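Containing mmCIF, C-alpha atoms and all ligand atoms: query.cif.
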```
data_query
#
loop_
_atom_site.label_atom_id
_atom_site.label_comp_id
_atom_site.auth_asym_id
_atom_site.auth_seq_id
_atom_site.Cartn_x
_atom_site.Cartn_y
_atom_site.Cartn_z
CA MET S 1 -105.03 -165.76 49.67
CA ASN S 2 -108.52 -165.50 48.22
CA TYR S 3 -108.88 -169.06 46.96
CA ARG S 4 -111.47 -171.20 48.76
CA HIS S 5 -111.66 -174.80 47.61
CA ALA S 6 -115.27 -175.15 48.88
CA TYR S 7 -116.45 -173.50 45.64
CA HIS S 8 -114.83 -176.24 43.60
CA ALA S 9 -114.99 -179.36 45.79
CA GLY S 10 -116.05 -182.49 43.92
CA ASN S 11 -115.71 -180.88 40.48
CA PHE S 12 -114.18 -182.67 37.47
CA ALA S 13 -110.70 -181.61 38.56
CA ASP S 14 -111.14 -183.15 42.02
CA VAL S 15 -112.48 -186.34 40.44
CA MET S 16 -109.48 -186.84 38.15
CA LYS S 17 -107.00 -185.83 40.87
CA HIS S 18 -108.47 -187.93 43.68
CA ALA S 19 -109.11 -191.00 41.51
CA SER S 20 -105.42 -190.86 40.49
CA LEU S 21 -104.35 -190.30 44.10
CA ALA S 22 -106.22 -193.45 45.15
CA LEU S 23 -104.50 -195.51 42.44
CA ILE S 24 -101.06 -194.28 43.49
CA ILE S 25 -101.66 -194.93 47.20
CA ASN S 26 -103.02 -198.40 46.47
CA TYR S 27 -99.82 -199.14 44.59
CA LEU S 28 -97.69 -197.98 47.54
CA LYS S 29 -99.67 -200.40 49.72
CA LEU S 30 -98.47 -203.40 47.72
CA LYS S 31 -95.38 -203.40 49.97
CA GLU S 32 -95.72 -203.80 53.76
CA LYS S 33 -93.02 -201.19 54.38
CA PRO S 34 -94.45 -197.90 55.70
CA PHE S 35 -94.70 -194.88 53.44
CA PHE S 36 -94.95 -191.13 53.96
CA ILE S 37 -97.46 -188.77 52.35
CA LEU S 38 -96.90 -185.02 52.22
CA ASP S 39 -99.83 -182.92 51.00
CA THR S 40 -98.39 -179.41 50.63
CA HIS S 41 -101.69 -177.58 49.91
CA ALA S 42 -104.21 -179.68 51.77
CA GLY S 43 -107.43 -177.63 52.12
CA THR S 44 -109.96 -178.32 54.88
CA GLY S 45 -110.38 -182.05 54.40
CA ARG S 46 -114.11 -181.98 53.75
CA THR S 47 -116.71 -179.74 52.07
CA ASP S 48 -120.38 -179.53 52.90
CA LEU S 49 -122.01 -179.72 49.47
CA ALA S 50 -125.17 -178.11 50.83
CA GLY S 51 -123.10 -175.12 51.99
CA THR S 52 -123.27 -171.67 50.39
CA GLU S 53 -119.99 -171.97 48.48
CA ALA S 54 -120.62 -175.37 46.86
CA GLN S 55 -124.21 -174.43 46.06
CA LYS S 56 -123.18 -171.12 44.54
CA THR S 57 -121.12 -172.75 41.76
CA GLY S 58 -122.73 -176.21 41.74
CA GLU S 59 -119.48 -177.54 40.24
CA TYR S 60 -119.81 -180.90 42.02
CA ARG S 61 -122.96 -181.61 40.01
CA ASP S 62 -120.85 -181.84 36.85
CA GLY S 63 -118.14 -183.76 38.69
CA ILE S 64 -118.66 -186.33 41.40
CA ALA S 65 -122.46 -186.28 41.07
CA ARG S 66 -122.19 -187.38 37.42
CA ILE S 67 -119.89 -190.25 38.43
CA LEU S 68 -122.14 -191.36 41.29
CA ALA S 69 -125.12 -191.36 38.92
CA GLU S 70 -123.37 -193.90 36.66
CA GLU S 71 -124.77 -197.40 36.88
CA LYS S 72 -121.44 -198.98 35.95
CA PRO S 73 -118.55 -196.68 36.87
CA HIS S 74 -115.16 -197.60 35.41
CA GLU S 75 -113.53 -200.37 37.45
CA LEU S 76 -110.39 -198.27 38.02
CA LEU S 77 -112.57 -195.88 40.05
CA LYS S 78 -113.16 -198.61 42.62
CA PRO S 79 -110.50 -197.58 45.18
CA TYR S 80 -111.64 -193.94 44.89
CA LEU S 81 -115.37 -194.60 45.09
CA GLU S 82 -115.01 -197.11 47.93
CA THR S 83 -112.97 -194.56 49.87
CA LEU S 84 -115.56 -191.84 49.25
CA ALA S 85 -118.33 -194.16 50.38
CA GLY S 86 -116.38 -194.97 53.55
CA LEU S 87 -116.22 -191.23 54.19
CA GLY S 88 -119.95 -190.72 53.71
CA CYS S 89 -119.91 -189.49 50.11
CA ALA S 90 -122.18 -191.69 48.04
CA GLY S 91 -124.85 -191.22 45.39
CA PRO S 92 -127.17 -190.16 44.05
CA GLU S 93 -127.21 -186.91 46.08
CA PRO S 94 -123.93 -186.63 48.01
CA THR S 95 -124.11 -184.17 50.90
CA SER S 96 -120.38 -183.77 51.49
CA TYR S 97 -117.16 -184.31 49.57
CA PRO S 98 -113.82 -185.28 51.17
CA GLY S 99 -110.59 -183.59 50.18
CA SER S 100 -107.18 -185.11 49.52
CA PRO S 101 -106.19 -185.37 53.24
CA LEU S 102 -109.23 -187.45 54.21
CA ILE S 103 -108.94 -189.61 51.09
CA ALA S 104 -105.22 -190.23 51.68
CA SER S 105 -105.65 -190.99 55.38
CA LYS S 106 -108.53 -193.37 54.71
CA LEU S 107 -106.38 -195.30 52.23
CA ALA S 108 -103.22 -195.28 54.35
CA ARG S 109 -102.48 -198.03 56.88
CA PRO S 110 -101.59 -197.89 60.60
CA GLN S 111 -97.84 -198.01 59.82
CA ASP S 112 -97.96 -195.06 57.38
CA ARG S 113 -97.34 -191.41 58.19
CA LEU S 114 -99.10 -188.37 56.75
CA THR S 115 -98.31 -184.64 56.91
CA PHE S 116 -100.72 -181.98 55.70
CA CYS S 117 -99.88 -178.29 55.21
CA GLU S 118 -102.51 -175.58 54.87
CA LEU S 119 -101.68 -171.89 55.02
CA HIS S 120 -105.16 -170.42 55.46
CA PRO S 121 -105.65 -170.17 59.26
CA GLU S 122 -109.36 -171.07 59.28
CA ASP S 123 -108.92 -173.96 56.85
CA ALA S 124 -105.92 -175.24 58.80
CA GLU S 125 -108.02 -175.21 61.99
CA THR S 126 -110.84 -177.13 60.30
CA LEU S 127 -108.33 -179.59 58.88
CA ARG S 128 -106.73 -180.12 62.30
CA GLY S 129 -110.19 -180.81 63.74
CA ASN S 130 -110.63 -183.67 61.26
CA PHE S 131 -107.52 -185.45 62.52
CA HIS S 132 -107.11 -184.73 66.22
CA ARG S 133 -107.46 -188.40 67.11
CA ASP S 134 -105.32 -189.78 64.28
CA LYS S 135 -101.76 -190.38 65.52
CA ARG S 136 -100.43 -190.98 62.00
CA VAL S 137 -101.30 -187.45 60.92
CA LYS S 138 -99.62 -184.08 61.50
CA VAL S 139 -101.24 -180.84 60.35
CA PHE S 140 -99.16 -177.67 59.95
CA GLU S 141 -100.37 -174.17 59.27
CA ILE S 142 -97.37 -173.33 57.10
CA ASP S 143 -96.41 -172.63 53.51
CA GLY S 144 -96.40 -176.10 51.96
CA TYR S 145 -93.34 -175.29 49.85
CA THR S 146 -91.23 -174.81 52.99
CA ALA S 147 -92.23 -178.32 54.07
CA LEU S 148 -90.52 -179.65 50.97
CA LYS S 149 -87.26 -178.38 52.46
CA SER S 150 -87.77 -179.28 56.10
CA MET S 151 -89.53 -182.66 55.73
CA LEU S 152 -87.66 -184.37 52.93
CA PRO S 153 -86.32 -186.96 52.67
CA PRO S 154 -88.72 -188.86 54.92
CA LYS S 155 -87.31 -191.53 57.21
CA GLU S 156 -89.44 -194.14 55.41
CA ARG S 157 -87.55 -193.42 52.16
CA ARG S 158 -90.72 -194.08 50.18
CA GLY S 159 -93.86 -192.12 49.64
CA LEU S 160 -95.88 -189.54 47.79
CA ILE S 161 -95.79 -185.76 47.65
CA LEU S 162 -98.97 -184.07 46.45
CA ILE S 163 -98.59 -180.47 45.27
CA ASP S 164 -101.97 -178.91 44.61
CA PRO S 165 -101.72 -175.11 44.87
CA PRO S 166 -104.50 -172.64 44.05
CA PHE S 167 -102.65 -171.05 41.07
CA GLU S 168 -103.70 -167.56 42.15
CA SER S 169 -100.32 -166.23 41.16
CA ARG S 170 -98.99 -166.29 37.60
CA SER S 171 -95.63 -167.39 38.96
CA GLU S 172 -97.00 -170.66 40.44
CA PHE S 173 -95.75 -172.75 37.49
CA GLU S 174 -92.26 -171.28 37.86
CA ARG S 175 -92.27 -171.93 41.58
CA ILE S 176 -93.21 -175.55 41.01
CA LEU S 177 -90.38 -176.00 38.51
CA GLN S 178 -87.90 -174.75 41.12
CA GLU S 179 -89.38 -177.02 43.77
CA ILE S 180 -89.18 -180.07 41.51
CA GLU S 181 -85.42 -179.56 41.26
CA GLN S 182 -85.15 -179.35 45.04
CA ILE S 183 -87.32 -182.42 45.60
CA HIS S 184 -85.16 -184.34 43.18
CA VAL S 185 -82.05 -183.46 45.17
CA ARG S 186 -83.63 -184.47 48.50
CA PHE S 187 -85.89 -187.37 47.61
CA ALA S 188 -85.12 -188.56 44.08
CA THR S 189 -87.06 -191.82 44.39
CA GLY S 190 -90.28 -190.36 45.80
CA THR S 191 -93.45 -190.18 43.77
CA VAL S 192 -94.53 -186.60 43.16
CA MET S 193 -97.98 -185.66 41.89
CA ILE S 194 -98.59 -182.08 40.78
CA TRP S 195 -102.01 -180.81 39.75
CA TYR S 196 -102.34 -177.85 37.35
CA PRO S 197 -105.22 -176.02 35.68
CA ILE S 198 -105.45 -175.54 31.91
CA LYS S 199 -107.01 -172.23 30.89
CA ASP S 200 -104.57 -170.81 28.39
CA PRO S 201 -102.98 -173.99 26.98
CA SER S 202 -99.82 -172.06 26.04
CA LEU S 203 -99.11 -171.39 29.75
CA SER S 204 -99.43 -175.00 30.90
CA GLY S 205 -97.75 -176.05 27.63
CA ALA S 206 -94.68 -173.96 28.49
CA PHE S 207 -94.55 -175.62 31.92
CA VAL S 208 -94.62 -179.09 30.39
CA GLU S 209 -92.06 -178.10 27.76
CA HIS S 210 -89.74 -176.88 30.49
CA LEU S 211 -90.04 -180.24 32.23
CA GLU S 212 -89.30 -182.01 28.95
CA HIS S 213 -85.98 -180.18 28.77
CA THR S 214 -84.91 -179.90 32.38
CA GLY S 215 -87.14 -182.19 34.44
CA PRO S 216 -86.29 -185.55 36.00
CA GLU S 217 -86.59 -188.90 34.23
CA LYS S 218 -89.76 -190.96 34.63
CA THR S 219 -92.23 -188.10 34.35
CA LEU S 220 -95.76 -188.67 33.18
CA ARG S 221 -98.33 -186.08 32.07
CA ALA S 222 -102.04 -186.87 32.23
CA GLU S 223 -104.55 -184.28 31.05
CA LEU S 224 -108.31 -184.24 30.94
CA PHE S 225 -110.32 -181.61 29.03
CA ILE S 226 -114.06 -181.29 29.51
CA ARG S 227 -114.57 -178.64 26.84
CA ALA S 228 -112.86 -177.05 23.85
CA SER S 229 -109.95 -174.79 24.80
CA ASP S 230 -111.32 -171.69 23.07
CA ASP S 231 -111.64 -169.34 26.05
CA PRO S 232 -108.39 -168.65 27.94
CA THR S 233 -110.27 -167.14 30.89
CA ARG S 234 -112.06 -170.39 31.62
CA MET S 235 -110.67 -173.74 32.77
CA SER S 236 -111.15 -176.15 29.88
CA GLY S 237 -109.17 -178.93 31.49
CA CYS S 238 -106.51 -179.79 34.00
CA GLY S 239 -103.49 -181.97 34.25
CA LEU S 240 -101.30 -184.03 36.50
CA ILE S 241 -97.56 -184.36 36.38
CA VAL S 242 -96.48 -187.56 38.08
CA ILE S 243 -92.78 -188.09 38.71
CA ASN S 244 -91.75 -191.67 39.49
CA PRO S 245 -95.27 -192.99 38.89
CA PRO S 246 -96.19 -196.59 39.66
CA PHE S 247 -95.28 -198.56 36.54
CA THR S 248 -98.95 -199.42 36.03
CA LEU S 249 -100.18 -195.81 36.15
CA LYS S 250 -99.77 -194.77 32.51
CA ASP S 251 -101.97 -197.58 31.22
CA GLN S 252 -104.46 -197.10 34.06
CA LEU S 253 -104.87 -193.37 33.47
CA THR S 254 -105.08 -193.83 29.70
CA ASP S 255 -108.00 -196.17 30.26
CA LEU S 256 -109.64 -194.20 33.03
CA PHE S 257 -109.33 -190.68 31.56
CA GLY S 258 -110.63 -192.05 28.24
CA TRP S 259 -113.79 -193.01 30.10
CA LEU S 260 -113.97 -189.89 32.29
CA LYS S 261 -113.80 -187.53 29.31
CA ASP S 262 -117.11 -188.92 28.01
CA ILE S 263 -118.89 -188.85 31.36
CA LEU S 264 -117.63 -185.39 32.35
CA ALA S 265 -117.83 -183.74 28.89
CA HIS S 266 -119.44 -180.33 28.44
CA ASP S 267 -118.99 -180.22 24.69
CA THR S 268 -117.33 -182.08 21.83
CA GLY S 269 -113.95 -180.61 22.78
CA ALA S 270 -113.67 -183.08 25.68
CA ARG S 271 -110.52 -185.17 25.38
CA ALA S 272 -107.76 -186.88 27.33
CA ARG S 273 -104.03 -187.23 26.86
CA VAL S 274 -101.67 -189.43 28.87
CA GLU S 275 -98.03 -189.64 27.85
CA TRP S 276 -94.48 -189.80 29.08
CA ILE S 277 -92.79 -186.45 28.92
CA LYS S 278 -89.58 -188.13 30.01
CA LYS S 279 -89.24 -191.87 30.27
N1 LIG F 301 -105.47 -180.62 47.95
C1 LIG F 301 -106.86 -180.28 48.27
C2 LIG F 301 -107.75 -181.40 47.77
O1 LIG F 301 -107.40 -182.06 46.77
O2 LIG F 301 -108.79 -181.63 48.37
C3 LIG F 301 -107.26 -178.99 47.66
C4 LIG F 301 -106.34 -177.86 47.89
S1 LIG F 301 -106.79 -176.33 47.22
C5 LIG F 301 -106.61 -176.54 45.51
C6 LIG F 301 -105.38 -175.33 47.62
C7 LIG F 301 -105.25 -175.01 49.10
O3 LIG F 301 -103.95 -174.47 49.33
C8 LIG F 301 -106.24 -173.98 49.63
O4 LIG F 301 -106.92 -174.53 50.72
C9 LIG F 301 -105.37 -172.80 50.06
O5 LIG F 301 -105.85 -172.15 51.22
C10 LIG F 301 -104.04 -173.47 50.33
N2 LIG F 301 -102.82 -172.65 50.17
C11 LIG F 301 -102.59 -171.57 49.39
N3 LIG F 301 -101.29 -171.23 49.41
C12 LIG F 301 -100.67 -172.13 50.24
C13 LIG F 301 -99.33 -172.34 50.64
N4 LIG F 301 -98.33 -171.55 50.20
N5 LIG F 301 -99.05 -173.36 51.47
C14 LIG F 301 -100.03 -174.19 51.92
N6 LIG F 301 -101.32 -174.05 51.56
C15 LIG F 301 -101.64 -173.05 50.74
#
```

Is it possible to give me this structure as structure tokens?
Ligand code: SAM
Amino acid sequence: MNYRHAYHAGNFADVMKHASLALIINYLKLKEKPFFILDTHAGTGRTDLAGTEAQKTGEYRDGIARILAEEKPHELLKPYLETLAGLGCAGPEPTSYPGSPLIASKLARPQDRLTFCELHPEDAETLRGNFHRDKRVKVFEIDGYTALKSMLPPKERRGLILIDPPFESRSEFERILQEIEQIHVRFATGTVMIWYPIKDPSLSGAFVEHLEHTGPEKTLRAELFIRASDDPTRMSGCGLIVINPPFTLKDQLTDLFGWLKDILAHDTGARARVEWIKK
């Protein structure tokens, strides 16, 4: 496990992922009934943007810093940006960036339950430290994929599973396809959000094609590219697969990613695509 999210915190991929996460959680909150959130690859919860790792790549400068510099950010960013501000991340020079566990817990209500898995021992310890007083939250230093077996279905019978692995292994896409089948058996009505990188579009394309043929109904794909896809060693974009999305999400992400692609663009290859892969 070499991946350290601190190098990438607050980059364009975090912006598109966390803005979408906020929209999904806000939708779950429309009903009083409690929900469950499982974040299988949670990270540390917060990154110091002045730290060595974030400064080394400076990726947040072309991500969250660009958004915070906008005078009129897109209105669909409101739940995301308000949550960030509540967690101390505001413009024009943010000093830290929260990860998915802090964002999800800030948006969740007292009746909701959250479980975060992080396999890296140091990161799991840091993550646990962020939540030791929050009774709604459990942090486990385990392989997040095993949690999909042991923790589903949740007693609440509603909720969100976020799968956001580091993609260090070439077999990660295959693993996710297997897990999707299992999740469907255990928790068919749950919302599942999977993040994936796009370097070589044929690799992520094969993943999506597989889902088109064998995946569950009601599956949405939302992709954001910040540059032309002409170098397969470099991330030109990233995508989200959302199974059982809120019925408003397709229109929201079409609107929002259309705006984000202009603000986050590196070259004229920037583009967005939001479509049902199975309706
Ligand atoms: N979800 C986080 C966010 O949005 O802020 C970022 C997570 S980062 C992309 C992936 C994390 O998964 C890393 O912190 C890594 O240590 C952890 N990890 C790697 N393999 C894992 C596994 N099998 N189970 C749980 N965590 C894992």

Margin query: 9 Å from ligand LIG 301 (chain F) is the threshold here; counting all atoms listed in the file, which polymer residues fall inside it? Answer as an MDAnalysis selection string.
Written below: chainID S and resid 1:6 8:10 13:14 17:18 39:47 97:103 116:124 140:147 162:168 195

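Each of S:Arg273, S:Lys279, S:Arg158, S:His210 was checked against Ile243 of chain S using all atoms listed in the file; the smallest atom-to-atom distance is that of S:Lys279.
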
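Here the question is which of S:Ile67, S:Val185, S:Ile263, S:Leu49 gets nearest to Gly215 of chain S using all atoms listed in the file, and that residue is S:Val185.
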
Check: With distances taken over only C-alpha atoms, which of S:Arg157, S:Gln182, S:Val274, S:Asp267 is nearest to Asp255 of chain S?
Finding: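 Smallest separation from Asp255 of chain S among the options: S:Val274.
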
Note to self: One number please: atom CA of Pro201 of chain S to atom CA of Leu264 of chain S, in Å, one decimal.
What the structure shows: 19.3 Å

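The gap separating atom CA of Leu114 of chain S from atom CA of Arg133 of chain S is 13.3 Å, in Å to one decimal.
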
Next item on the list: Find the distance between atom CA of Thr52 of chain S and atom CA of Gly88 of chain S and write it in Å to one decimal.
Entry: 19.6 Å

Enclose the full set of atoms of segment 219-222 of chain S listed in the file within a box whose edges lie along x, y and z, apply 4 Å of padding to each of the six sides, and report centre and edge lengths in Å to one decimal as JSON.
```
{"center_x": -97.1, "center_y": -187.4, "center_z": 33.2, "size_x": 17.8, "size_y": 10.6, "size_z": 10.3}
```

Margin query: Would you pick out the contacts of Gly51 of chain S at 10 Å or less, using all atoms listed in the file, so that residues sharing its chain but fewer than 4 positions from it are not included, and give the list as an NGL selection string?
Written below: :S and (6-7 or 47 or 55-56 or 95-96)

Margin query: From the options S:Leu28, S:Leu211, S:Leu249, S:Ile198, which residue's atoms come nearest to Thr233 of chain S, counting all atoms listed in the file?
Written below: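 So, comparing all the options, the nearest one is S:Ile198.
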
Check: Using only C-alpha atoms, which of the listed residues (S:Glu223, S:Asp48, S:Glu217, S:Asp230) sits closest to Gly258 of chain S?
Finding: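 Of S:Glu223, S:Asp48, S:Glu217, S:Asp230, the one nearest Gly258 of chain S, counting only C-alpha atoms, is S:Glu223.
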
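Counting all atoms listed in the file and comparing S:Ala85, S:Ile194, S:Leu260, S:Leu77, the residue that lies closest to Arg175 of chain S is S:Ile194.
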
Take the point (-98.4, -189.0, 42.8) as written in the file and pick out every residue within 6 Å of it, counting only C-alpha atoms; give the list as a PDB file with C-alpha atoms, in the frame of the given file.
```pdb
ATOM      1  CA  ILE S  24    -101.060-194.280  43.490  1.00  0.00           C
ATOM      2  CA  LEU S 160     -95.880-189.540  47.790  1.00  0.00           C
ATOM      3  CA  THR S 191     -93.450-190.180  43.770  1.00  0.00           C
ATOM      4  CA  VAL S 192     -94.530-186.600  43.160  1.00  0.00           C
ATOM      5  CA  MET S 193     -97.980-185.660  41.890  1.00  0.00           C
ATOM      6  CA  VAL S 242     -96.480-187.560  38.080  1.00  0.00           C
TER       7      VAL S 242
END
```
